[in-house]
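Note: the block below is start-v4.cif and it holds mmCIF, C-alpha atoms and all ligand atoms.
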```cif
data_entry
loop_
_atom_site.label_atom_id
_atom_site.label_comp_id
_atom_site.auth_asym_id
_atom_site.auth_seq_id
_atom_site.Cartn_x
_atom_site.Cartn_y
_atom_site.Cartn_z
CA MET A 1 -87.82 -32.27 -126.16
CA ALA A 2 -85.65 -30.08 -123.93
CA LEU A 3 -84.04 -31.75 -120.93
CA THR A 4 -85.49 -30.71 -117.59
CA THR A 5 -83.18 -29.52 -114.83
CA ILE A 6 -84.17 -29.80 -111.19
CA SER A 7 -82.18 -27.48 -108.92
CA CYS A 8 -82.50 -27.63 -105.16
CA ILE A 9 -80.47 -24.85 -103.58
CA LYS A 10 -80.57 -24.36 -99.82
CA ALA A 11 -79.18 -22.16 -97.09
CA ASP A 12 -79.71 -21.27 -93.46
CA VAL A 13 -80.21 -17.51 -93.57
CA GLY A 14 -81.86 -17.02 -90.20
CA SER A 15 -84.40 -18.72 -88.03
CA LEU A 16 -86.87 -18.38 -85.20
CA ALA A 17 -86.06 -18.91 -81.51
CA GLY A 18 -82.51 -20.14 -82.14
CA HIS A 19 -81.62 -22.64 -84.87
CA ILE A 20 -85.15 -24.06 -84.86
CA ILE A 21 -87.36 -23.11 -87.80
CA VAL A 22 -87.59 -20.90 -90.89
CA PRO A 23 -90.48 -18.48 -90.26
CA GLU A 24 -93.47 -18.63 -92.64
CA GLU A 25 -92.94 -14.99 -93.66
CA MET A 26 -89.48 -15.81 -94.93
CA LYS A 27 -90.73 -18.69 -97.08
CA GLU A 28 -93.46 -16.41 -98.47
CA MET A 29 -90.85 -13.78 -99.32
CA ALA A 30 -88.79 -16.40 -101.16
CA ARG A 31 -91.86 -17.60 -103.08
CA LYS A 32 -92.70 -14.06 -104.20
CA ASN A 33 -89.16 -13.51 -105.45
CA LEU A 34 -88.97 -16.82 -107.33
CA LYS A 35 -92.32 -16.00 -108.98
CA LYS A 36 -91.38 -12.41 -109.89
CA ASN A 37 -87.78 -12.92 -110.94
CA GLY A 38 -87.95 -16.58 -111.98
CA VAL A 39 -91.28 -17.75 -113.38
CA ASP A 40 -92.49 -14.38 -114.69
CA LYS A 41 -89.15 -13.80 -116.45
CA LYS A 42 -89.30 -17.33 -117.91
CA LEU A 43 -86.00 -18.22 -116.25
CA ILE A 44 -87.57 -21.08 -114.28
CA ASN A 45 -90.66 -23.14 -115.09
CA ASP A 46 -91.79 -23.86 -111.57
CA PHE A 47 -90.68 -23.89 -107.92
CA HIS A 48 -91.50 -25.16 -104.46
CA VAL A 49 -90.22 -23.41 -101.34
CA PHE A 50 -90.06 -25.39 -98.11
CA ASN A 51 -87.90 -25.86 -95.05
CA CYS A 52 -86.35 -28.49 -92.87
CA GLY A 53 -85.73 -26.87 -89.49
CA ASP A 54 -83.67 -23.72 -89.97
CA ASP A 55 -82.81 -24.47 -93.62
CA LEU A 56 -84.63 -22.71 -96.43
CA GLU A 57 -84.95 -24.96 -99.49
CA LEU A 58 -85.56 -23.56 -102.98
CA LEU A 59 -86.60 -26.30 -105.37
CA MET A 60 -86.78 -25.08 -108.98
CA THR A 61 -87.28 -26.61 -112.43
CA HIS A 62 -85.97 -25.08 -115.64
CA TYR A 63 -84.43 -25.85 -119.04
CA ASN A 64 -80.98 -24.36 -118.49
CA GLY A 65 -78.88 -27.31 -117.29
CA ASN A 66 -76.80 -27.71 -114.12
CA ASN A 67 -74.65 -24.87 -112.79
CA TYR A 68 -76.47 -22.23 -114.82
CA GLU A 69 -75.32 -18.83 -113.56
CA LYS A 70 -78.70 -17.06 -113.71
CA ILE A 71 -80.40 -19.83 -111.71
CA HIS A 72 -77.69 -19.73 -109.03
CA LYS A 73 -77.93 -15.91 -108.99
CA LEU A 74 -81.72 -16.12 -108.56
CA ALA A 75 -81.24 -18.41 -105.54
CA TRP A 76 -78.45 -16.22 -104.17
CA ASP A 77 -80.52 -13.03 -104.49
CA THR A 78 -83.46 -14.77 -102.82
CA PHE A 79 -81.24 -15.83 -99.90
CA MET A 80 -79.73 -12.31 -99.65
CA MET A 81 -83.19 -10.77 -99.56
CA CYS A 82 -84.35 -13.21 -96.87
CA ALA A 83 -81.13 -12.65 -94.88
CA ASP A 84 -81.63 -8.87 -95.00
CA TRP A 85 -85.17 -9.30 -93.71
CA ALA A 86 -83.87 -11.71 -91.05
CA LYS A 87 -81.23 -9.18 -89.96
CA LYS A 88 -83.74 -6.33 -89.77
CA ASN A 89 -86.07 -8.48 -87.69
CA LYS A 90 -83.23 -9.78 -85.52
CA LEU A 91 -83.89 -13.43 -86.32
CA TYR A 92 -81.29 -15.87 -85.06
CA GLY A 93 -78.21 -16.59 -87.19
CA ALA A 94 -79.35 -14.11 -89.84
CA GLY A 95 -77.31 -14.61 -93.00
CA GLN A 96 -75.23 -17.39 -91.39
CA ASP A 97 -74.69 -19.47 -94.56
CA LEU A 98 -73.91 -16.55 -96.89
CA LEU A 99 -70.15 -16.34 -96.56
CA THR A 100 -69.60 -13.34 -98.83
CA ASP A 101 -71.48 -10.28 -100.12
CA ALA A 102 -70.39 -10.86 -103.70
CA PHE A 103 -71.93 -13.47 -105.98
CA SER A 104 -69.40 -14.91 -108.41
CA GLY A 105 -71.14 -17.05 -111.02
CA ASN A 106 -72.10 -20.06 -108.91
CA VAL A 107 -73.26 -20.47 -105.31
CA LYS A 108 -70.82 -23.36 -104.72
CA GLY A 109 -68.20 -22.37 -102.17
CA LEU A 110 -70.22 -19.31 -101.13
CA GLY A 111 -72.16 -21.13 -98.40
CA PRO A 112 -75.44 -22.48 -99.85
CA GLY A 113 -75.79 -26.18 -100.72
CA VAL A 114 -76.77 -27.40 -104.19
CA ALA A 115 -78.23 -30.62 -105.58
CA GLU A 116 -79.04 -30.47 -109.30
CA MET A 117 -79.90 -33.05 -111.91
CA THR A 118 -80.77 -32.73 -115.58
CA ILE A 119 -83.10 -35.44 -116.83
CA LYS A 120 -84.85 -36.66 -119.91
CA GLU A 121 -88.43 -36.81 -118.72
CA ARG A 122 -89.94 -40.27 -118.83
CA LYS A 123 -93.55 -41.00 -119.74
CA SER A 124 -94.27 -40.45 -116.07
CA ASP A 125 -91.48 -39.18 -113.85
CA PRO A 126 -91.64 -39.32 -110.04
CA LEU A 127 -88.99 -37.30 -108.21
CA LEU A 128 -88.35 -37.51 -104.48
CA VAL A 129 -86.67 -34.68 -102.58
CA PHE A 130 -85.13 -35.28 -99.17
CA ALA A 131 -83.91 -32.48 -96.92
CA CYS A 132 -82.15 -32.85 -93.55
CA ASP A 133 -81.49 -30.58 -90.63
CA LYS A 134 -78.78 -30.93 -87.96
CA THR A 135 -76.60 -33.35 -89.87
CA GLU A 136 -74.13 -33.63 -92.76
CA PRO A 137 -74.08 -34.85 -96.41
CA SER A 138 -72.84 -38.35 -95.54
CA ALA A 139 -76.08 -38.88 -93.58
CA PHE A 140 -77.38 -40.09 -96.95
CA ASN A 141 -74.65 -42.77 -97.30
CA LEU A 142 -76.55 -45.50 -95.48
CA PRO A 143 -79.99 -44.87 -97.03
CA LEU A 144 -78.56 -44.56 -100.57
CA PHE A 145 -76.59 -47.78 -100.15
CA ARG A 146 -79.68 -49.57 -98.92
CA ILE A 147 -81.89 -48.12 -101.68
CA PHE A 148 -79.57 -48.79 -104.63
CA ALA A 149 -77.43 -51.73 -103.51
CA ASP A 150 -79.10 -53.74 -100.75
CA PRO A 151 -81.44 -56.49 -101.93
CA PHE A 152 -82.85 -56.79 -98.40
CA ASN A 153 -84.13 -53.23 -98.86
CA THR A 154 -84.94 -53.05 -102.56
CA ALA A 155 -86.81 -56.02 -103.94
CA GLY A 156 -86.36 -54.72 -107.49
CA LEU A 157 -82.62 -55.49 -107.34
CA VAL A 158 -83.62 -59.17 -107.22
CA ILE A 159 -86.90 -59.42 -109.11
CA ASP A 160 -87.16 -56.52 -111.58
CA PRO A 161 -85.13 -57.14 -114.78
CA ASN A 162 -84.91 -53.34 -115.21
CA THR A 163 -82.88 -52.94 -112.01
CA THR A 164 -81.02 -56.25 -111.57
CA MET A 165 -77.96 -54.87 -113.41
CA GLY A 166 -77.27 -52.65 -110.38
CA PHE A 167 -76.02 -49.09 -109.96
CA SER A 168 -72.84 -47.05 -109.97
CA PHE A 169 -71.94 -44.81 -107.03
CA GLU A 170 -69.84 -41.65 -107.26
CA VAL A 171 -68.15 -41.23 -103.87
CA LEU A 172 -66.44 -38.05 -102.76
CA ASP A 173 -63.58 -37.60 -100.32
CA VAL A 174 -64.88 -34.34 -98.86
CA TYR A 175 -61.48 -33.31 -97.47
CA LYS A 176 -59.27 -34.09 -100.49
CA HIS A 177 -61.90 -33.16 -103.09
CA GLN A 178 -61.33 -36.45 -104.92
CA LYS A 179 -63.97 -38.74 -106.36
CA ILE A 180 -64.20 -42.43 -107.26
CA ALA A 181 -66.85 -44.46 -109.08
CA LEU A 182 -67.75 -47.88 -107.65
CA LYS A 183 -70.21 -50.34 -109.14
CA THR A 184 -72.58 -52.64 -107.30
CA PRO A 185 -73.08 -55.52 -106.81
CA GLU A 186 -69.50 -56.35 -107.95
CA GLU A 187 -67.72 -53.68 -105.84
CA MET A 188 -70.14 -53.64 -102.94
CA TYR A 189 -67.50 -54.40 -100.28
CA GLU A 190 -65.11 -51.72 -101.57
CA LEU A 191 -68.00 -49.24 -101.62
CA LEU A 192 -68.88 -50.06 -98.00
CA ALA A 193 -65.22 -49.79 -96.99
CA LEU A 194 -65.36 -46.15 -98.02
CA ILE A 195 -68.88 -44.93 -97.26
CA GLY A 196 -68.91 -46.49 -93.78
CA THR A 197 -66.38 -43.76 -92.90
CA THR A 198 -69.00 -41.04 -92.88
CA SER A 199 -66.62 -38.39 -91.55
CA THR A 200 -64.61 -38.52 -94.81
CA TYR A 201 -66.63 -40.07 -97.64
CA ALA A 202 -70.00 -38.98 -98.96
CA ILE A 203 -72.02 -40.43 -101.82
CA LYS A 204 -72.41 -37.62 -104.34
CA ARG A 205 -74.35 -39.30 -107.18
CA VAL A 206 -75.86 -42.62 -108.14
CA PHE A 207 -76.25 -43.72 -111.77
CA LYS A 208 -77.96 -46.59 -113.52
CA LYS A 209 -75.35 -48.90 -115.03
CA GLY A 210 -75.10 -49.48 -118.77
CA ASN A 211 -74.42 -47.24 -121.74
CA LEU A 212 -77.04 -44.63 -120.99
CA PRO A 213 -76.55 -40.86 -121.41
CA PRO A 214 -76.32 -39.05 -118.03
CA GLU A 215 -79.84 -37.58 -118.38
CA GLU A 216 -81.22 -41.13 -118.42
CA ALA A 217 -78.73 -42.76 -116.05
CA ILE A 218 -78.85 -40.24 -113.19
CA ALA A 219 -80.69 -41.78 -110.25
CA ALA A 220 -79.71 -39.65 -107.22
CA GLU A 221 -77.76 -36.52 -106.41
CA VAL A 222 -76.68 -35.27 -102.97
CA CYS A 223 -75.58 -31.80 -102.03
CA THR A 224 -72.13 -32.32 -100.51
CA GLU A 225 -71.03 -28.77 -99.87
CA LYS A 226 -68.95 -28.68 -96.71
CA LEU A 227 -69.82 -25.34 -95.21
CA SER A 228 -67.21 -25.67 -92.49
CA MET A 229 -64.49 -26.19 -95.09
CA ALA A 230 -65.71 -23.36 -97.30
CA ALA A 231 -65.55 -20.91 -94.43
CA GLY A 232 -62.24 -22.24 -93.07
CA LYS A 233 -63.91 -22.46 -89.68
CA TYR A 234 -67.09 -23.92 -88.28
CA VAL A 235 -70.09 -21.80 -89.20
CA GLY A 236 -72.84 -24.38 -89.00
CA LYS A 237 -73.53 -27.93 -90.15
CA ASP A 238 -73.89 -28.59 -93.86
CA ASP A 239 -77.46 -29.84 -93.70
CA PRO A 240 -77.86 -31.69 -97.01
CA VAL A 241 -80.57 -32.30 -99.58
CA CYS A 242 -80.84 -35.27 -101.92
CA LEU A 243 -82.81 -35.78 -105.14
CA VAL A 244 -83.86 -39.34 -106.00
CA ARG A 245 -85.69 -40.60 -109.09
CA SER A 246 -88.06 -43.50 -108.53
CA GLN A 247 -90.05 -46.17 -110.39
CA SER A 248 -89.77 -47.77 -113.86
CA GLY A 249 -86.18 -48.97 -113.73
CA PHE A 250 -85.27 -47.04 -110.58
CA PRO A 251 -86.21 -48.29 -107.11
CA ALA A 252 -89.93 -47.83 -106.36
CA THR A 253 -90.91 -44.89 -104.15
CA GLY A 254 -91.59 -47.32 -101.30
CA GLU A 255 -88.15 -48.90 -101.76
CA VAL A 256 -86.58 -45.46 -101.59
CA LEU A 257 -88.47 -44.61 -98.40
CA GLU A 258 -87.55 -48.00 -96.92
CA GLY A 259 -83.92 -46.81 -96.92
CA PHE A 260 -84.83 -44.42 -94.08
CA ALA A 261 -86.70 -46.98 -91.95
CA LEU A 262 -83.86 -47.66 -89.49
CA GLY A 263 -83.47 -44.15 -88.09
CA HIS A 264 -79.68 -44.58 -88.41
CA LEU A 265 -77.08 -42.69 -86.38
CA VAL A 266 -75.61 -39.56 -87.96
CA SER A 267 -73.31 -36.75 -86.85
CA GLY A 268 -74.67 -33.28 -86.25
CA TRP A 269 -77.34 -32.45 -83.68
CA MET A 270 -76.36 -29.96 -80.96
CA ARG A 271 -73.51 -27.66 -82.10
CA GLY A 272 -72.88 -30.01 -85.02
CA SER A 273 -70.95 -32.15 -82.54
CA HIS A 274 -73.16 -35.02 -81.49
CA ARG A 275 -74.33 -38.30 -82.91
CA GLY A 276 -77.99 -39.16 -82.89
CA PRO A 277 -80.68 -40.91 -84.92
CA LEU A 278 -81.89 -39.39 -88.21
CA MET A 279 -85.64 -39.24 -87.66
CA PRO A 280 -87.86 -39.24 -90.76
CA VAL A 281 -90.66 -36.72 -90.13
CA SER A 282 -93.54 -34.91 -91.84
CA GLN A 283 -93.18 -31.26 -92.80
CA HIS A 284 -95.17 -30.42 -89.68
CA ASP A 285 -92.51 -32.02 -87.48
CA ALA A 286 -89.52 -30.62 -89.38
CA THR A 287 -88.60 -28.46 -86.43
CA PRO A 288 -85.78 -29.88 -84.31
CA THR A 289 -86.13 -28.79 -80.70
CA ARG A 290 -84.77 -31.21 -78.07
CA PHE A 291 -81.05 -30.55 -77.69
CA ASP A 292 -81.55 -28.77 -81.06
CA GLY A 293 -82.63 -32.07 -82.56
CA PRO A 294 -82.62 -34.94 -82.93
CA PRO A 295 -81.50 -34.71 -86.60
CA ARG A 296 -84.39 -34.92 -89.04
CA VAL A 297 -85.17 -35.71 -92.63
CA VAL A 298 -88.27 -34.73 -94.59
CA GLY A 299 -89.27 -36.29 -97.92
CA LEU A 300 -91.40 -34.64 -100.58
CA GLY A 301 -92.72 -36.56 -103.58
CA PHE A 302 -93.38 -34.85 -106.93
CA GLN A 303 -94.21 -35.77 -110.49
CA ILE A 304 -92.12 -33.89 -113.05
CA VAL A 305 -94.63 -32.88 -115.72
CA ASN A 306 -93.41 -31.13 -118.86
CA GLY A 307 -90.74 -29.26 -116.95
CA LYS A 308 -93.01 -28.43 -114.01
CA LEU A 309 -93.64 -29.82 -110.54
CA TYR A 310 -96.88 -31.56 -109.62
CA GLY A 311 -97.18 -32.15 -105.88
CA PRO A 312 -95.78 -32.48 -103.29
CA ARG A 313 -96.87 -35.42 -101.19
CA ASP A 314 -95.40 -35.30 -97.69
CA LEU A 315 -93.83 -38.77 -97.80
CA PHE A 316 -92.99 -39.43 -94.15
CA ASP A 317 -96.43 -38.22 -93.04
CA ASP A 318 -97.51 -41.83 -92.67
CA VAL A 319 -98.21 -44.14 -89.74
CA SER A 320 -95.88 -46.77 -91.20
CA PHE A 321 -92.96 -44.60 -90.03
CA ASP A 322 -94.25 -44.35 -86.45
CA ILE A 323 -92.17 -47.35 -85.33
CA THR A 324 -89.03 -45.76 -86.83
CA ARG A 325 -89.82 -42.53 -85.05
CA LYS A 326 -90.43 -44.32 -81.73
CA ARG A 327 -87.10 -46.12 -82.10
CA CYS A 328 -85.41 -42.79 -82.85
CA LEU A 329 -86.87 -41.32 -79.67
CA LYS A 330 -85.60 -44.27 -77.60
CA VAL A 331 -82.16 -44.01 -79.19
CA MET A 332 -82.23 -40.26 -78.59
CA GLU A 333 -82.78 -40.83 -74.84
CA TYR A 334 -79.99 -43.39 -74.71
CA MET A 335 -77.50 -41.27 -76.63
CA ARG A 336 -78.36 -38.14 -74.63
CA ALA A 337 -77.60 -40.01 -71.39
CA HIS A 338 -73.93 -40.11 -72.49
CA GLY A 339 -73.71 -36.32 -72.18
CA PRO A 340 -70.27 -35.09 -73.26
CA PHE A 341 -68.87 -38.60 -73.87
CA GLU A 342 -68.13 -40.26 -77.18
CA PRO A 343 -69.79 -41.79 -79.11
CA HIS A 344 -72.62 -39.31 -78.41
CA ARG A 345 -70.15 -36.45 -78.79
CA VAL A 346 -68.28 -36.81 -82.07
CA ASP A 347 -64.53 -37.47 -82.02
CA GLU A 348 -61.76 -34.90 -82.16
CA LYS A 349 -61.31 -35.01 -85.94
CA GLU A 350 -64.93 -34.11 -86.51
CA LEU A 351 -64.70 -31.39 -83.85
CA GLU A 352 -61.81 -29.70 -85.62
CA TYR A 353 -63.95 -26.77 -86.72
CA THR A 354 -65.72 -26.07 -83.44
CA THR A 355 -64.77 -24.22 -80.30
CA LEU A 356 -63.20 -27.33 -78.67
CA PRO A 357 -59.69 -26.68 -80.09
CA ASP A 358 -59.68 -23.33 -78.25
CA VAL A 359 -60.51 -25.08 -74.99
CA LEU A 360 -57.67 -27.57 -75.57
CA LYS A 361 -55.25 -24.75 -76.43
CA LYS A 362 -56.00 -23.09 -73.09
CA LEU A 363 -55.15 -26.31 -71.26
CA GLN A 364 -52.00 -27.03 -73.27
CA PRO A 365 -49.50 -25.20 -70.97
CA ARG A 366 -50.74 -27.20 -67.98
CA PHE A 367 -49.77 -30.56 -69.49
CA SER A 368 -46.50 -32.02 -68.16
CA LYS A 369 -44.47 -35.10 -69.06
CA SER A 370 -45.74 -38.33 -67.57
CA SER A 371 -43.93 -41.66 -67.14
CA ASP A 372 -47.24 -43.54 -67.27
C1 LIG B 401 -76.38 -27.23 -85.11
C2 LIG B 401 -76.86 -25.88 -84.76
C3 LIG B 401 -77.13 -25.57 -83.34
C4 LIG B 401 -76.13 -24.55 -82.80
C5 LIG B 401 -76.36 -24.26 -81.30
C6 LIG B 401 -75.43 -23.17 -80.78
O1 LIG B 401 -76.23 -27.36 -86.49
O2 LIG B 401 -77.01 -25.03 -85.61
O3 LIG B 401 -77.18 -26.71 -82.54
O4 LIG B 401 -74.82 -25.02 -82.98
O5 LIG B 401 -77.69 -23.83 -81.10
O6 LIG B 401 -75.63 -22.04 -81.54
P1 LIG B 401 -74.91 -20.64 -81.26
O7 LIG B 401 -73.43 -20.92 -81.23
O8 LIG B 401 -75.33 -19.81 -82.41
O9 LIG B 401 -75.44 -20.14 -79.95
MG MG B 402 -79.11 -21.87 -88.03
MG MG B 403 -79.83 -26.38 -90.30
#
```
Now, as a test, write the supplied structure out as structure tokens.
Ligand code: F6R
Ligand code: MG
Ligand code: MG
Amino acid sequence: MALTTISCIKADVGSLAGHIIVPEEMKEMARKNLKKNGVDKKLINDFHVFNCGDDLELLMTHYNGNNYEKIHKLAWDTFMMCADWAKKNKLYGAGQDLLTDAFSGNVKGLGPGVAEMTIKERKSDPLLVFACDKTEPSAFNLPLFRIFADPFNTAGLVIDPNTTMGFSFEVLDVYKHQKIALKTPEEMYELLALIGTTSTYAIKRVFKKGNLPPEEAIAAEVCTEKLSMAAGKYVGKDDPVCLVRSQSGFPATGEVLEGFALGHLVSGWMRGSHRGPLMPVSQHDATPTRFDGPPRVVGLGFQIVNGKLYGPRDLFDDVSFDITRKRCLKVMEYMRAHGPFEPHRVDEKELEYTTLPDVLKKLQPRFSKSSD
């Protein structure tokens, strides 16, 4: 049987009332285009269009493998069409993530973010899709560590013989474009030494250990595009998506969701320059407002069925996440009270691509030597 590829390609191409929400009309336009130029032309098998805040997410399934030009072109054309509509209707930030007019084979480096995995479908194959707004790819570092390496989170690491062998993490240095593979549990401390530095290292993929082919070993994939780096200047946060496989040898869906139960601190929020809690929310609440936030994550659960998508279930639309959300709101208040001070405001290195360097440049001539 053909291997199934799941491609989630996303971009912010314009939003309503500031950087708040993708309008319904835009999602409908994207759906029509994916149907007409994707499903009807037998390029893709199925799709689901959704949003997290101002990010438009195109989830597609097909049989063409990762990085397939026609799939990336389909996503690109859909974003271009939506951006044109957004420009005509004077939506905010219209076309902001499309850094060029010319498509060149692959959307990587052109602005949109991509998470793709090619899998051999299991007898029954649950797939979980997480999408964030107002944060960055390394926001998934803590949840992915907890899900795939922390026995206090994932009971299966201790009691399920199919998962006790552990997982392998591919970690990316987003500045140097270098990667390293680290295995858990044996290299857990080394892994934490890297991924705790969220400004530099992001988990890109997680694999099951053992001698499995990639289509069976792949467990999670994060979109790690750094929009700010691609553009050479700050043009918006690189709000990431993450695909996670669950059950039967992978962590159970509930163990995956448990990874988000803290409401951990991430960078992003207002002007991509503030730390705040990542609040897991339902689709209905995927619309950051206060101080353009706080940062949010939505989770959609699907079954992959003969190359198609069955679902979704809105995974964080559940009372069991109310305590997490309440904690996030308390932490939000506390962090906000710090105003322009670190650690609410991110440090200088993370601010490199914002307007702050211009402010500092203006002040530079007024500095004089001090004996203190
Ligand atoms: C963060 C984000 C927003 C904007 C802010 C200022 O990722 O997109 O917080 O940075 O609303 O936007 P501009 O500069 O467009 O007025
Ligand atoms: Mg925006
Ligand atoms: Mg966004």
- Write out as a PyMOL selection string which residues come within 12 Å of Asp238 of chain A when counting all atoms listed in the file, dropping same-chain ones fewer than 2 positions away. chain A and resi 10-12+54-55+96-97+109+111-114+131-139+174+222-231+234-236+240-241+267-269+271-272
- Task: Using all atoms listed in the file, collect all residues at a distance of at most 10 Å from (-79.1, -50.1, -110.0) as written in the file, then present them as a ChimeraX atom specification.
- Result: /A:147-150,154,156-157,162-169,183-185,206-210,217,219,249-251
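Rounded to one decimal, atom CA of His264 of chain A and atom CA of Leu278 of chain A lie 5.6 Å from each other.
When all atoms listed in the file are used to measure the gap to His284 of chain A, the shortest distance among A:Lys90, A:Thr198, A:Asn51, A:Ser246 belongs to A:Asn51.
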Could you give me, as a compact mmCIF listing (two decimals) with C-alpha atoms, in the frame of the given file, the residues within 10 Å of Phe321 of chain A, counting all atoms listed in the file and dropping anything in the same chain fewer than 6 positions from it?
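See result-v8.txt below for the written result:
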```txt
# COMPACT_ATOMS: atom_id res chain seq x y z
CA LEU A 257 -88.47 -44.61 -98.40
CA GLU A 258 -87.55 -48.00 -96.92
CA PHE A 260 -84.83 -44.42 -94.08
CA ALA A 261 -86.70 -46.98 -91.95
CA LEU A 262 -83.86 -47.66 -89.49
CA GLY A 263 -83.47 -44.15 -88.09
CA MET A 279 -85.64 -39.24 -87.66
CA PRO A 280 -87.86 -39.24 -90.76
CA VAL A 281 -90.66 -36.72 -90.13
CA SER A 282 -93.54 -34.91 -91.84
CA LEU A 315 -93.83 -38.77 -97.80
CA ARG A 327 -87.10 -46.12 -82.10
```
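Atom CA of Gln178 of chain A is positioned 27.5 Å from atom CA of Leu58 of chain A.
With all atoms listed in the file as the atoms that count, the residue of A:Leu110, A:Ala252, A:Met80, A:Met270 with the shortest distance to ligand MG 402 (chain B) is A:Met270.
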- Of the listed residues A:Tyr63, A:Trp85, A:Phe130, A:Phe145, that which approaches Phe302 of chain A most closely, counting all atoms listed in the file: A:Phe130
- Item | Nearest candidate to ligand LIG 401 (chain B) (options A:Thr5, A:Asn33, A:Thr355, A:Asn66; using all atoms listed in the file) | A:Thr355
- Message: I want to know what sits within 6 Å of segment 339-349 of chain A, based on all atoms listed in the file, with residues of the same chain fewer than 2 positions away left out; could you give that as a ChimeraX atom specification?
- Response: /A:273-275,335-337,351-352
C-alpha atoms of the current selection, written as a PDB file, in the coordinates of the input:
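Wrote it out as part-v2.pdb, contents follow:
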```pdb
ATOM      1  CA  SER A 273     -70.950 -32.150 -82.540  1.00  0.00           C
ATOM      2  CA  HIS A 274     -73.160 -35.020 -81.490  1.00  0.00           C
ATOM      3  CA  ARG A 275     -74.330 -38.300 -82.910  1.00  0.00           C
ATOM      4  CA  MET A 335     -77.500 -41.270 -76.630  1.00  0.00           C
ATOM      5  CA  ARG A 336     -78.360 -38.140 -74.630  1.00  0.00           C
ATOM      6  CA  ALA A 337     -77.600 -40.010 -71.390  1.00  0.00           C
ATOM      7  CA  LEU A 351     -64.700 -31.390 -83.850  1.00  0.00           C
ATOM      8  CA  GLU A 352     -61.810 -29.700 -85.620  1.00  0.00           C
TER       9      GLU A 352
END
```
- Task: Could you jot down the atom CA of Gln283 of chain A to atom CA of Phe316 of chain A separation for me, Å, one decimal place?
- Result: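 Separation of atom CA of Gln283 of chain A and atom CA of Phe316 of chain A: 8.3 Å.
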- Item | Top pick for closest residue to ligand MG 403 (chain B), considering A:Asp239, A:Glu255, A:Glu170, A:Glu24 and counting all atoms listed in the file |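 Closest residue, counting all atoms listed in the file: A:Asp239.
Nearest residue to ligand LIG 401 (chain B), choosing from A:Asp292, A:Asp314, A:Glu69, A:Asp173 and counting only C-alpha atoms and all ligand atoms: A:Asp292.
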